Amino acid sequence: MQDKINEAARGFCKALELDPGFSHAWNDLGNLYQSQGKFTEAAKCYQKSMELDPDGIDAHIGLGHTLLAQGKMEQSEQALRRAVRLDPRHIPALQGLAYSLKGQGRHAEARTVYLHAWLLKPNDLQACIGTHLTLPTIYSSLVELSTSRKQFAEGLKKLHANTETFMKSGSKELLSGLNWTNFYLAYQGEDDKFLQTEYARFVAKIVHSAAPDLMRPIRKNPGPLRNRIRIGFLSSFLRNCTVGSYFKSWITSLNREAFDIFCYFTGSIRDHVTEELARSSDHAAFPRGSAEDIGRQIKQDQLDILIYPEIGMDPVTCTLSAMRLAPVQCAAWGHPVTTGHAHIDYFFSSVLMEPENAQDHYSERLILLSGIGTCYSKPPPPSPAKRSDFSLPEERILYLCPQSLYKIHPDNDRLLSEILARNQNASLVFFQANDLSITRAFMKRLETTLDDTGVKKTGQIKILPRMEHADYLRINLLCDVMLDTLHWSGGNTTLDALACGLPVVTLPGKFMRGRQSYGMLKCMGMDELIAQGPQEYIEIATRLGLDHAWRTQLAQRIAQNSDTLFSDESPVRQLEAFLTMQMDTSLCHDR
C-alpha cells in the first residue's frame, strides 16, 4: 500500500518459501504482478492459488482481470463465471464478467449482467453505468447503430436521475464506480459534444461529492515566478503505441530552459518508449492507487499546466480529467473527440485536419497547431518480404484496410463491396481483432453486404493475424492501395502507409477524427487521392487498382513528398509559444 513494490515482492516470496501452500500469498503476489503489467507471472500465481484453494473467489477474479488486460476475453469470461458460481451476488465478479462479455461484442448479455448487479445493489455506480451506457463493439447495421445511440442518450438521463442514490456510497466506492469510458461512442460518426458534455457533467457531480477539494479552482502562484514553467503530461499510453508515437516529441523536444517536465505514467504496461520518456522528463512518476490518490499527488506537484495526450481511452484518466489539478488543463487528439469536461480548458488539434466549423464540436477552446500537429518520426523501412511470407495472393490487387475492425462504420461496407464488384481480381486485406468474436461479427456484416450486391466471395477477403510493427510495415509494402475508412480515418496507419509509399484513398468526414488522412495528403499535395463523395471514392480506388502506371506514378510522388509529414518541429515550437503565453495571464479557470 506504500507502493514499495520490490520490498512487497520479497515479502510475498519469503512467505511462500516458508509456506508454499499459503494460497493467500500466491493471490497477493498475483495482484502485485498484475499491477506491474506482468500478466503471465500474475496468471501463474492466481492458478497456483486456485489449485490450493479452489473455492477462493479472489484468485478467480484476479485471473479474470489479468486475462482481460491481455485481451483474452473468452478465457476471462470462463474465470469470472467460475467466480460468479462461487458467489452469485459478488458485485466485482459480475462487473468483470460483464466487461468480458462486452469485449467479445456480446453487449446485450453484458447489459443483462450489469443490470443483475445493479438490482442486487441499487447504489452501485459502475453497474448502473454499464446497464445504461454499454455500446456494441461492432454494429450489425445502421439501424442498430441508431438504436444504440438513442439508448445511450436515454441512459444518460437515467444516470442523472439516480445521482442521489449513488451519493449514499462512500467516497472511495463512488470514485471507483467511475471506472468507465465512452470509448465506442466516438465510432458512431456523429457529433458527440452534447452526449460527452452530459456524461462529463454527471462525472463532475460524483467527483465533487467524493473529493470536493479536487474540484476547487487553482489560482496562479502569487509568489515570484519560477525559473521554468511546470508542465505535466499524464496518460496510460505513454509507450510504444499510437499515443506514444504521436506525442513523444511534445515531451522530448520542449525547451528545457523554459519548461520543467513532469510525466505521470498511469498505465501498467511499460516498454522502451516509456523508458525513453521517463529519461527525457525532469520528474517521472508511476502513480498507483485510486484516481483520488493520483489526483492528490499531481496537485501536490503544483503544476502550471497539465496536458492529457488522450482522454477517453482509460477509465482513470477519464475520472482525473473531471478534476482541477492545475490552473490550466489541456487535452489532445490521442482520442479525437471533445471531452465535455468543464475543467479541460483547451483542446489541441491540427489545422490541416479540422473543418471550418470545428469549434462547434468542442466544449474546450480549440487550439490548432500547424502541419499534423506534432513532430512525428518517420518509421525506418523494414527488410524486404514476399507476399508468400504472409500467405497473400500473388496475382491479386491488394487493398489494405488496416483499421481496427470496431472503427469500420457500416457506411464503409457498400463502398468496399462496390470496389470488389468493379475489380474481380481484387482482395481486401484486414487485420483480425484481439477477440475472435469481434472478427466474426464484422465479417458477418460485410458478407451480408457482399451478398446483397451480388459479389462472389472467392478469395476477395484476407484476414491477417495481428503482428509486430516491422511485419506490419512489410504488409504495407506488399499491398497496392490503402483504403481509408469513413467517419474515422487512419492516423498512425496512414502515416505508416505513406512512409512506405502506399497510395491512400480518403473521403474526409465532418469531424477531425474522419479527416486525419485528408490533412496528411493535403500536406503532401496529393489531392488526387482525396474524394469529394462516396462515388468518387469508389472511382479513385478502382482506377488505382486497374491503372498500374497511374498507381506507380502516385507511389513515386508519395515517396518523394512524404518527408513533409515527418520530423517537422514547427508544431512543437507553436506548442511552446502557447504554453508560455498561458503563464502571461492570471486567469483563474472556474467555469
# chains A, B, ... in the order shown; residues from 1 in each chain; ligands from 1
>>> select_by_dssp(residues="range 62-121 of chain A", states="alpha helix (DSSP H)", output="MDAnalysis selection string")
chainID A and resid 62:69 73:86 91:103 107:120
>>> write_last_selection(atoms="C-alpha atoms", output="mmCIF file, in the first residue's frame")
data_model
loop_
_atom_site.group_PDB
_atom_site.id
_atom_site.type_symbol
_atom_site.label_atom_id
_atom_site.label_comp_id
_atom_site.auth_asym_id
_atom_site.auth_seq_id
_atom_site.Cartn_x
_atom_site.Cartn_y
_atom_site.Cartn_z
ATOM 1 C CA GLY A 62 -7.712 -11.845 -10.231
ATOM 2 C CA LEU A 63 -7.140 -14.292 -13.072
ATOM 3 C CA GLY A 64 -10.180 -12.957 -14.896
ATOM 4 C CA HIS A 65 -8.915 -9.372 -14.682
ATOM 5 C CA THR A 66 -5.416 -10.427 -15.782
ATOM 6 C CA LEU A 67 -6.876 -12.116 -18.850
ATOM 7 C CA LEU A 68 -8.995 -9.018 -19.514
ATOM 8 C CA ALA A 69 -5.869 -6.875 -19.517
ATOM 9 C CA MET A 73 -11.901 -12.158 -23.346
ATOM 10 C CA GLU A 74 -13.215 -15.723 -23.733
ATOM 11 C CA GLN A 75 -10.741 -17.112 -21.185
ATOM 12 C CA SER A 76 -11.513 -14.203 -18.874
ATOM 13 C CA GLU A 77 -15.222 -14.982 -19.141
ATOM 14 C CA GLN A 78 -14.560 -18.572 -18.045
ATOM 15 C CA ALA A 79 -12.582 -17.490 -14.978
ATOM 16 C CA LEU A 80 -15.150 -14.898 -13.961
ATOM 17 C CA ARG A 81 -18.077 -17.269 -14.471
ATOM 18 C CA ARG A 82 -16.378 -19.627 -12.017
ATOM 19 C CA ALA A 83 -16.162 -16.730 -9.576
ATOM 20 C CA VAL A 84 -19.870 -15.950 -10.040
ATOM 21 C CA ARG A 85 -20.758 -19.593 -9.457
ATOM 22 C CA LEU A 86 -18.873 -19.422 -6.157
ATOM 23 C CA ILE A 91 -20.636 -7.475 -7.482
ATOM 24 C CA PRO A 92 -16.969 -7.149 -8.655
ATOM 25 C CA ALA A 93 -17.158 -10.634 -10.196
ATOM 26 C CA LEU A 94 -20.360 -9.710 -12.029
ATOM 27 C CA GLN A 95 -18.856 -6.439 -13.241
ATOM 28 C CA GLY A 96 -15.766 -8.228 -14.558
ATOM 29 C CA LEU A 97 -17.936 -10.815 -16.289
ATOM 30 C CA ALA A 98 -19.961 -8.062 -17.942
ATOM 31 C CA TYR A 99 -16.772 -6.397 -19.159
ATOM 32 C CA SER A 100 -15.506 -9.658 -20.673
ATOM 33 C CA LEU A 101 -18.807 -10.128 -22.499
ATOM 34 C CA LYS A 102 -18.665 -6.551 -23.764
ATOM 35 C CA GLY A 103 -15.145 -7.196 -25.045
ATOM 36 C CA HIS A 107 -23.194 -6.206 -25.463
ATOM 37 C CA ALA A 108 -26.776 -7.377 -24.834
ATOM 38 C CA GLU A 109 -25.515 -10.115 -22.486
ATOM 39 C CA ALA A 110 -23.171 -7.607 -20.831
ATOM 40 C CA ARG A 111 -26.082 -5.242 -20.179
ATOM 41 C CA THR A 112 -28.038 -8.110 -18.611
ATOM 42 C CA VAL A 113 -25.193 -8.922 -16.212
ATOM 43 C CA TYR A 114 -24.717 -5.255 -15.322
ATOM 44 C CA LEU A 115 -28.464 -4.994 -14.692
ATOM 45 C CA HIS A 116 -28.361 -8.046 -12.409
ATOM 46 C CA ALA A 117 -25.550 -6.439 -10.379
ATOM 47 C CA TRP A 118 -27.420 -3.130 -10.238
ATOM 48 C CA LEU A 119 -30.603 -4.803 -8.976
ATOM 49 C CA LEU A 120 -28.560 -6.549 -6.284
#
>>> residues_around(residues="Tyr362 in chain A", least_positions_apart="5", cutoff="9 Å", atoms="only C-alpha atoms", output="PyMOL selection string")
chain A and resi 192-193+337-340+347
>>> select_by_dssp(residues="range 414-576 of chain A", states="strand (DSSP E or B)", output="PyMOL selection string")
chain A and resi 426-431+461-464+481-483+504-506+530
>>> write_last_selection(atoms="all heavy atoms", output="compact mmCIF listing (two decimals), in the first residue's frame")
# COMPACT_ATOMS: atom_id res chain seq x y z
N ALA A 426 -9.42 -8.24 -57.32
CA ALA A 426 -9.02 -7.51 -56.12
C ALA A 426 -9.33 -8.30 -54.85
O ALA A 426 -10.26 -9.12 -54.83
CB ALA A 426 -9.71 -6.15 -56.06
N SER A 427 -8.56 -8.03 -53.82
CA SER A 427 -8.82 -8.60 -52.49
C SER A 427 -8.68 -7.49 -51.44
O SER A 427 -7.83 -6.61 -51.57
CB SER A 427 -7.83 -9.73 -52.16
OG SER A 427 -8.05 -10.86 -52.96
N LEU A 428 -9.51 -7.58 -50.41
CA LEU A 428 -9.43 -6.68 -49.26
C LEU A 428 -8.62 -7.36 -48.17
O LEU A 428 -8.85 -8.54 -47.86
CB LEU A 428 -10.82 -6.35 -48.73
CG LEU A 428 -11.82 -5.73 -49.71
CD1 LEU A 428 -13.19 -5.58 -49.04
CD2 LEU A 428 -11.33 -4.39 -50.21
N VAL A 429 -7.68 -6.63 -47.58
CA VAL A 429 -6.82 -7.19 -46.54
C VAL A 429 -7.12 -6.49 -45.22
O VAL A 429 -6.95 -5.26 -45.10
CB VAL A 429 -5.33 -7.02 -46.89
CG1 VAL A 429 -4.45 -7.58 -45.78
CG2 VAL A 429 -5.02 -7.71 -48.22
N PHE A 430 -7.59 -7.25 -44.23
CA PHE A 430 -7.89 -6.73 -42.90
C PHE A 430 -6.98 -7.40 -41.87
O PHE A 430 -6.31 -8.39 -42.16
CB PHE A 430 -9.34 -7.02 -42.51
CG PHE A 430 -10.38 -6.42 -43.41
CD1 PHE A 430 -10.93 -7.16 -44.46
CD2 PHE A 430 -10.81 -5.12 -43.21
CE1 PHE A 430 -11.89 -6.60 -45.28
CE2 PHE A 430 -11.78 -4.56 -44.03
CZ PHE A 430 -12.32 -5.30 -45.07
N PHE A 431 -7.00 -6.86 -40.67
CA PHE A 431 -6.32 -7.49 -39.54
C PHE A 431 -7.37 -7.92 -38.52
O PHE A 431 -8.31 -7.17 -38.22
CB PHE A 431 -5.31 -6.54 -38.89
CG PHE A 431 -4.11 -6.28 -39.75
CD1 PHE A 431 -4.08 -5.20 -40.63
CD2 PHE A 431 -3.02 -7.13 -39.70
CE1 PHE A 431 -2.98 -4.97 -41.42
CE2 PHE A 431 -1.90 -6.91 -40.49
CZ PHE A 431 -1.88 -5.83 -41.37
N ILE A 461 -11.42 -11.63 -49.66
CA ILE A 461 -11.18 -11.10 -48.31
C ILE A 461 -10.09 -11.93 -47.63
O ILE A 461 -10.15 -13.17 -47.60
CB ILE A 461 -12.46 -11.13 -47.46
CG1 ILE A 461 -13.54 -10.24 -48.10
CG2 ILE A 461 -12.17 -10.67 -46.04
CD1 ILE A 461 -14.86 -10.27 -47.40
N LYS A 462 -9.09 -11.22 -47.12
CA LYS A 462 -7.99 -11.87 -46.41
C LYS A 462 -7.89 -11.24 -45.02
O LYS A 462 -7.76 -10.02 -44.89
CB LYS A 462 -6.68 -11.67 -47.18
CG LYS A 462 -5.46 -12.27 -46.51
CD LYS A 462 -5.48 -13.78 -46.54
CE LYS A 462 -4.20 -14.36 -45.95
NZ LYS A 462 -4.23 -15.84 -45.91
N ILE A 463 -7.95 -12.07 -43.99
CA ILE A 463 -7.83 -11.61 -42.61
C ILE A 463 -6.47 -12.05 -42.09
O ILE A 463 -6.18 -13.24 -42.00
CB ILE A 463 -8.94 -12.18 -41.71
CG1 ILE A 463 -10.32 -11.88 -42.27
CG2 ILE A 463 -8.79 -11.66 -40.30
CD1 ILE A 463 -10.73 -10.46 -42.17
N LEU A 464 -5.62 -11.07 -41.76
CA LEU A 464 -4.29 -11.38 -41.25
C LEU A 464 -4.28 -11.33 -39.73
O LEU A 464 -5.03 -10.57 -39.12
CB LEU A 464 -3.27 -10.37 -41.79
CG LEU A 464 -3.03 -10.37 -43.30
CD1 LEU A 464 -2.05 -9.27 -43.68
CD2 LEU A 464 -2.50 -11.73 -43.76
N VAL A 481 -2.86 -0.58 -52.52
CA VAL A 481 -3.63 0.61 -52.17
C VAL A 481 -4.09 0.47 -50.72
O VAL A 481 -4.41 -0.64 -50.27
CB VAL A 481 -4.88 0.76 -53.08
CG1 VAL A 481 -5.63 2.05 -52.75
CG2 VAL A 481 -4.51 0.70 -54.55
N MET A 482 -4.14 1.58 -49.98
CA MET A 482 -4.79 1.59 -48.67
C MET A 482 -6.13 2.30 -48.81
O MET A 482 -6.20 3.41 -49.36
CB MET A 482 -3.95 2.30 -47.61
CG MET A 482 -4.69 2.44 -46.27
SD MET A 482 -3.72 3.28 -45.00
CE MET A 482 -5.05 4.01 -44.01
N LEU A 483 -7.17 1.67 -48.32
CA LEU A 483 -8.50 2.27 -48.30
C LEU A 483 -8.75 2.88 -46.93
O LEU A 483 -8.88 2.15 -45.93
CB LEU A 483 -9.57 1.22 -48.62
CG LEU A 483 -9.47 0.57 -50.01
CD1 LEU A 483 -10.53 -0.51 -50.16
CD2 LEU A 483 -9.61 1.62 -51.11
N VAL A 504 -3.03 6.18 -50.55
CA VAL A 504 -4.15 6.11 -49.60
C VAL A 504 -5.33 6.89 -50.17
O VAL A 504 -5.20 8.07 -50.48
CB VAL A 504 -3.75 6.72 -48.23
CG1 VAL A 504 -4.94 6.68 -47.26
CG2 VAL A 504 -2.55 5.99 -47.65
N VAL A 505 -6.47 6.23 -50.31
CA VAL A 505 -7.68 6.90 -50.79
C VAL A 505 -8.51 7.30 -49.58
O VAL A 505 -8.76 6.49 -48.68
CB VAL A 505 -8.53 5.96 -51.66
CG1 VAL A 505 -9.69 6.73 -52.29
CG2 VAL A 505 -7.68 5.31 -52.74
N THR A 506 -8.95 8.56 -49.53
CA THR A 506 -9.72 9.02 -48.38
C THR A 506 -10.91 9.86 -48.81
O THR A 506 -10.89 10.50 -49.87
CB THR A 506 -8.83 9.83 -47.41
OG1 THR A 506 -9.53 10.02 -46.18
CG2 THR A 506 -8.47 11.20 -47.98
N ILE A 530 -7.89 12.39 -52.72
CA ILE A 530 -8.94 12.88 -51.82
C ILE A 530 -10.26 12.94 -52.58
O ILE A 530 -10.40 13.69 -53.55
CB ILE A 530 -8.59 14.27 -51.26
CG1 ILE A 530 -7.26 14.21 -50.49
CG2 ILE A 530 -9.71 14.78 -50.35
CD1 ILE A 530 -6.73 15.58 -50.09
>>> residues_around(residues="Ile269 in chain A", least_positions_apart="2", cutoff="10 Å", atoms="only C-alpha atoms", output="PyMOL selection string")
chain A and resi 34-39+69+236-240+265-267+271+274
>>> write_last_selection(atoms="C-alpha atoms", output="short mmCIF file (atom, residue, chain, number, x, y, z; two decimals), in the first residue's frame")
data_model
loop_
_atom_site.label_atom_id
_atom_site.label_comp_id
_atom_site.auth_asym_id
_atom_site.auth_seq_id
_atom_site.Cartn_x
_atom_site.Cartn_y
_atom_site.Cartn_z
CA GLN A 34 -0.81 -7.58 -12.28
CA SER A 35 -0.21 -4.01 -11.05
CA GLN A 36 3.18 -4.11 -12.82
CA GLY A 37 1.73 -5.38 -16.09
CA LYS A 38 3.49 -8.76 -15.63
CA PHE A 39 0.40 -10.64 -16.70
CA ALA A 69 -5.87 -6.87 -19.52
CA SER A 236 -1.85 5.41 -19.54
CA PHE A 237 -0.47 5.14 -23.08
CA LEU A 238 2.97 6.76 -22.89
CA ARG A 239 4.51 3.73 -24.55
CA ASN A 240 5.01 2.18 -27.99
CA PHE A 265 2.74 7.15 -16.37
CA THR A 266 -0.56 5.69 -15.15
CA GLY A 267 -0.59 2.56 -17.36
CA ASP A 271 8.34 -0.54 -22.75
CA THR A 274 8.14 4.54 -21.64
#
>>> residues_around(residues="range 301-308 of chain A", least_positions_apart="2", cutoff="8 Å", atoms="only C-alpha atoms", output="mmCIF file with N, CA, C and O atoms, in the first residue's frame")
data_model
loop_
_atom_site.group_PDB
_atom_site.id
_atom_site.type_symbol
_atom_site.label_atom_id
_atom_site.label_comp_id
_atom_site.auth_asym_id
_atom_site.auth_seq_id
_atom_site.Cartn_x
_atom_site.Cartn_y
_atom_site.Cartn_z
ATOM 1 N N LYS A 220 -3.100 30.941 -10.047
ATOM 2 C CA LYS A 220 -1.674 31.026 -10.318
ATOM 3 C C LYS A 220 -0.929 31.418 -9.043
ATOM 4 O O LYS A 220 -1.406 32.245 -8.265
ATOM 5 N N ILE A 229 8.535 26.897 -16.351
ATOM 6 C CA ILE A 229 7.109 26.602 -16.272
ATOM 7 C C ILE A 229 6.936 25.104 -16.052
ATOM 8 O O ILE A 229 7.531 24.285 -16.763
ATOM 9 N N ARG A 230 6.122 24.745 -15.069
ATOM 10 C CA ARG A 230 5.906 23.336 -14.744
ATOM 11 C C ARG A 230 4.792 22.761 -15.636
ATOM 12 O O ARG A 230 3.624 23.128 -15.489
ATOM 13 N N ILE A 231 5.183 21.861 -16.532
ATOM 14 C CA ILE A 231 4.244 21.240 -17.467
ATOM 15 C C ILE A 231 4.124 19.759 -17.123
ATOM 16 O O ILE A 231 5.121 19.043 -17.034
ATOM 17 N N GLY A 232 2.900 19.296 -16.925
ATOM 18 C CA GLY A 232 2.663 17.884 -16.658
ATOM 19 C C GLY A 232 2.030 17.186 -17.847
ATOM 20 O O GLY A 232 1.177 17.762 -18.531
ATOM 21 N N PHE A 233 2.454 15.955 -18.106
ATOM 22 C CA PHE A 233 1.835 15.089 -19.115
ATOM 23 C C PHE A 233 1.352 13.838 -18.404
ATOM 24 O O PHE A 233 2.128 13.204 -17.677
ATOM 25 N N LEU A 234 0.091 13.478 -18.610
ATOM 26 C CA LEU A 234 -0.474 12.308 -17.928
ATOM 27 C C LEU A 234 -1.194 11.424 -18.931
ATOM 28 O O LEU A 234 -2.055 11.888 -19.678
ATOM 29 N N SER A 235 -0.845 10.132 -18.923
ATOM 30 C CA SER A 235 -1.530 9.184 -19.803
ATOM 31 C C SER A 235 -1.205 7.762 -19.380
ATOM 32 O O SER A 235 -0.147 7.492 -18.801
ATOM 33 N N GLN A 297 -1.644 13.474 -5.609
ATOM 34 C CA GLN A 297 -0.204 13.514 -5.876
ATOM 35 C C GLN A 297 0.112 14.582 -6.923
ATOM 36 O O GLN A 297 1.056 15.361 -6.758
ATOM 37 N N ILE A 298 -0.682 14.631 -7.972
ATOM 38 C CA ILE A 298 -0.442 15.624 -9.026
ATOM 39 C C ILE A 298 -0.624 17.034 -8.484
ATOM 40 O O ILE A 298 0.178 17.937 -8.760
ATOM 41 N N LYS A 299 -1.663 17.219 -7.688
ATOM 42 C CA LYS A 299 -1.932 18.561 -7.155
ATOM 43 C C LYS A 299 -0.784 19.036 -6.256
ATOM 44 O O LYS A 299 -0.449 20.225 -6.246
ATOM 45 N N GLU A 310 -4.417 12.049 -24.339
ATOM 46 C CA GLU A 310 -5.706 11.443 -24.720
ATOM 47 C C GLU A 310 -6.617 11.423 -23.500
ATOM 48 O O GLU A 310 -6.158 11.229 -22.376
ATOM 49 N N ILE A 311 -7.887 11.627 -23.757
ATOM 50 C CA ILE A 311 -8.912 11.433 -22.734
ATOM 51 C C ILE A 311 -10.054 10.673 -23.398
ATOM 52 O O ILE A 311 -10.606 11.123 -24.400
ATOM 53 N N LEU A 325 -6.675 19.979 -11.355
ATOM 54 C CA LEU A 325 -5.384 19.618 -10.770
ATOM 55 C C LEU A 325 -4.285 20.606 -11.123
ATOM 56 O O LEU A 325 -3.176 20.529 -10.586
ATOM 57 N N ALA A 326 -4.570 21.539 -12.038
ATOM 58 C CA ALA A 326 -3.625 22.580 -12.428
ATOM 59 C C ALA A 326 -4.424 23.795 -12.883
ATOM 60 O O ALA A 326 -5.589 23.658 -13.300
ATOM 61 N N PRO A 327 -3.838 24.987 -12.816
ATOM 62 C CA PRO A 327 -4.583 26.184 -13.243
ATOM 63 C C PRO A 327 -5.051 26.125 -14.690
ATOM 64 O O PRO A 327 -6.105 26.641 -15.024
ATOM 65 N N VAL A 328 -4.257 25.490 -15.562
ATOM 66 C CA VAL A 328 -4.616 25.328 -16.970
ATOM 67 C C VAL A 328 -4.527 23.847 -17.309
ATOM 68 O O VAL A 328 -3.515 23.199 -17.003
ATOM 69 N N GLN A 329 -5.582 23.315 -17.933
ATOM 70 C CA GLN A 329 -5.612 21.892 -18.280
ATOM 71 C C GLN A 329 -6.011 21.740 -19.740
ATOM 72 O O GLN A 329 -6.937 22.397 -20.212
ATOM 73 N N CYS A 330 -5.300 20.843 -20.440
ATOM 74 C CA CYS A 330 -5.474 20.685 -21.884
ATOM 75 C C CYS A 330 -5.607 19.204 -22.247
ATOM 76 O O CYS A 330 -5.052 18.333 -21.574
ATOM 77 N N ALA A 331 -6.308 18.957 -23.334
ATOM 78 C CA ALA A 331 -6.382 17.621 -23.919
ATOM 79 C C ALA A 331 -5.847 17.681 -25.337
ATOM 80 O O ALA A 331 -5.808 18.748 -25.958
ATOM 81 N N ALA A 332 -5.441 16.530 -25.866
ATOM 82 C CA ALA A 332 -5.007 16.436 -27.255
ATOM 83 C C ALA A 332 -5.762 15.296 -27.926
ATOM 84 O O ALA A 332 -6.556 14.600 -27.297
ATOM 85 N N LEU A 579 2.082 27.537 -24.492
ATOM 86 C CA LEU A 579 2.287 27.270 -23.071
ATOM 87 C C LEU A 579 2.892 28.484 -22.370
ATOM 88 O O LEU A 579 2.510 28.815 -21.240
ATOM 89 N N MET A 583 1.197 31.476 -19.213
ATOM 90 C CA MET A 583 1.770 31.948 -17.966
ATOM 91 C C MET A 583 1.822 33.471 -17.899
ATOM 92 O O MET A 583 2.140 34.045 -16.870
#
>>> atom_distance(atom1="CA of Lys457 in chain A", atom2="CA of Ile540 in chain A")
22.7 Å
>>> residues_around(residues="Met50 in chain A", least_positions_apart="6", cutoff="9 Å", atoms="only C-alpha atoms", output="ChimeraX atom specification")
/A:23,27,56-57,59-60
>>> write_last_selection(atoms="N, CA and C atoms", output="mmCIF file, in the first residue's frame")
data_model
loop_
_atom_site.group_PDB
_atom_site.id
_atom_site.type_symbol
_atom_site.label_atom_id
_atom_site.label_comp_id
_atom_site.auth_asym_id
_atom_site.auth_seq_id
_atom_site.Cartn_x
_atom_site.Cartn_y
_atom_site.Cartn_z
ATOM 1 N N SER A 23 -2.205 -20.049 0.100
ATOM 2 C CA SER A 23 -2.922 -19.602 -1.110
ATOM 3 C C SER A 23 -3.079 -18.092 -1.160
ATOM 4 N N ASN A 27 -2.064 -15.392 -4.134
ATOM 5 C CA ASN A 27 -3.024 -14.434 -4.686
ATOM 6 C C ASN A 27 -2.492 -13.002 -4.609
ATOM 7 N N GLY A 56 -11.523 -20.290 -3.507
ATOM 8 C CA GLY A 56 -11.076 -18.921 -3.225
ATOM 9 C C GLY A 56 -11.475 -17.985 -4.357
ATOM 10 N N ILE A 57 -12.477 -17.180 -4.137
ATOM 11 C CA ILE A 57 -13.046 -16.359 -5.209
ATOM 12 C C ILE A 57 -12.088 -15.276 -5.688
ATOM 13 N N ALA A 59 -8.891 -15.286 -6.247
ATOM 14 C CA ALA A 59 -7.952 -15.747 -7.273
ATOM 15 C C ALA A 59 -8.653 -15.867 -8.627
ATOM 16 N N HIS A 60 -9.897 -16.341 -8.633
ATOM 17 C CA HIS A 60 -10.649 -16.435 -9.886
ATOM 18 C C HIS A 60 -10.864 -15.048 -10.482
#
>>> atom_distance(atom1="CA of Phe348 in chain A", atom2="CA of Trp333 in chain A")
6.6 Å
>>> residues_around(residues="Gly533 in chain A", least_positions_apart="5", cutoff="9 Å", atoms="only C-alpha atoms", output="PDB file with N, CA and C atoms, in the first residue's frame")
ATOM      1  N   LEU A 507     -11.935   9.836 -47.996  1.00  0.00           N
ATOM      2  CA  LEU A 507     -13.108  10.706 -48.137  1.00  0.00           C
ATOM      3  C   LEU A 507     -13.276  11.421 -46.802  1.00  0.00           C
ATOM      4  N   PRO A 508     -12.891  12.707 -46.710  1.00  0.00           N
ATOM      5  CA  PRO A 508     -12.926  13.400 -45.414  1.00  0.00           C
ATOM      6  C   PRO A 508     -14.336  13.501 -44.860  1.00  0.00           C
ATOM      7  N   ILE A 538     -15.018   5.547 -54.758  1.00  0.00           N
ATOM      8  CA  ILE A 538     -15.020   4.266 -55.475  1.00  0.00           C
ATOM      9  C   ILE A 538     -14.244   4.388 -56.782  1.00  0.00           C
TER      10      ILE A 538
END
>>> closest_residue(among="A:Phe578, A:Pro381, A:Phe390, A:Val572", to="Gly501 in chain A", atoms="only C-alpha atoms")
A:Pro381
>>> residues_around(residues="Lys510 in chain A", least_positions_apart="2", cutoff="8 Å", atoms="only C-alpha atoms", output="list in words")
Pro355, His487, Pro508, Met512, Gly514 and Arg515 of chain A
>>> write_last_selection(atoms="N, CA and C atoms", output="mmCIF file, in the first residue's frame")
data_model
loop_
_atom_site.group_PDB
_atom_site.id
_atom_site.type_symbol
_atom_site.label_atom_id
_atom_site.label_comp_id
_atom_site.auth_asym_id
_atom_site.auth_seq_id
_atom_site.Cartn_x
_atom_site.Cartn_y
_atom_site.Cartn_z
ATOM 1 N N PRO A 355 -12.333 20.868 -39.780
ATOM 2 C CA PRO A 355 -13.180 21.608 -40.708
ATOM 3 C C PRO A 355 -13.339 23.061 -40.259
ATOM 4 N N HIS A 487 -15.645 8.288 -41.613
ATOM 5 C CA HIS A 487 -16.000 8.748 -40.256
ATOM 6 C C HIS A 487 -14.848 8.641 -39.256
ATOM 7 N N PRO A 508 -12.891 12.707 -46.710
ATOM 8 C CA PRO A 508 -12.926 13.400 -45.414
ATOM 9 C C PRO A 508 -14.336 13.501 -44.860
ATOM 10 N N MET A 512 -12.885 15.993 -37.075
ATOM 11 C CA MET A 512 -11.450 15.757 -37.177
ATOM 12 C C MET A 512 -11.115 14.275 -37.239
ATOM 13 N N GLY A 514 -12.408 11.983 -38.694
ATOM 14 C CA GLY A 514 -12.581 11.446 -40.037
ATOM 15 C C GLY A 514 -11.806 12.222 -41.087
ATOM 16 N N ARG A 515 -10.821 13.029 -40.657
ATOM 17 C CA ARG A 515 -10.121 13.906 -41.591
ATOM 18 C C ARG A 515 -8.593 13.874 -41.426
#
>>> atom_distance(atom1="CA of Glu447 in chain A", atom2="CA of His469 in chain A")
28.6 Å
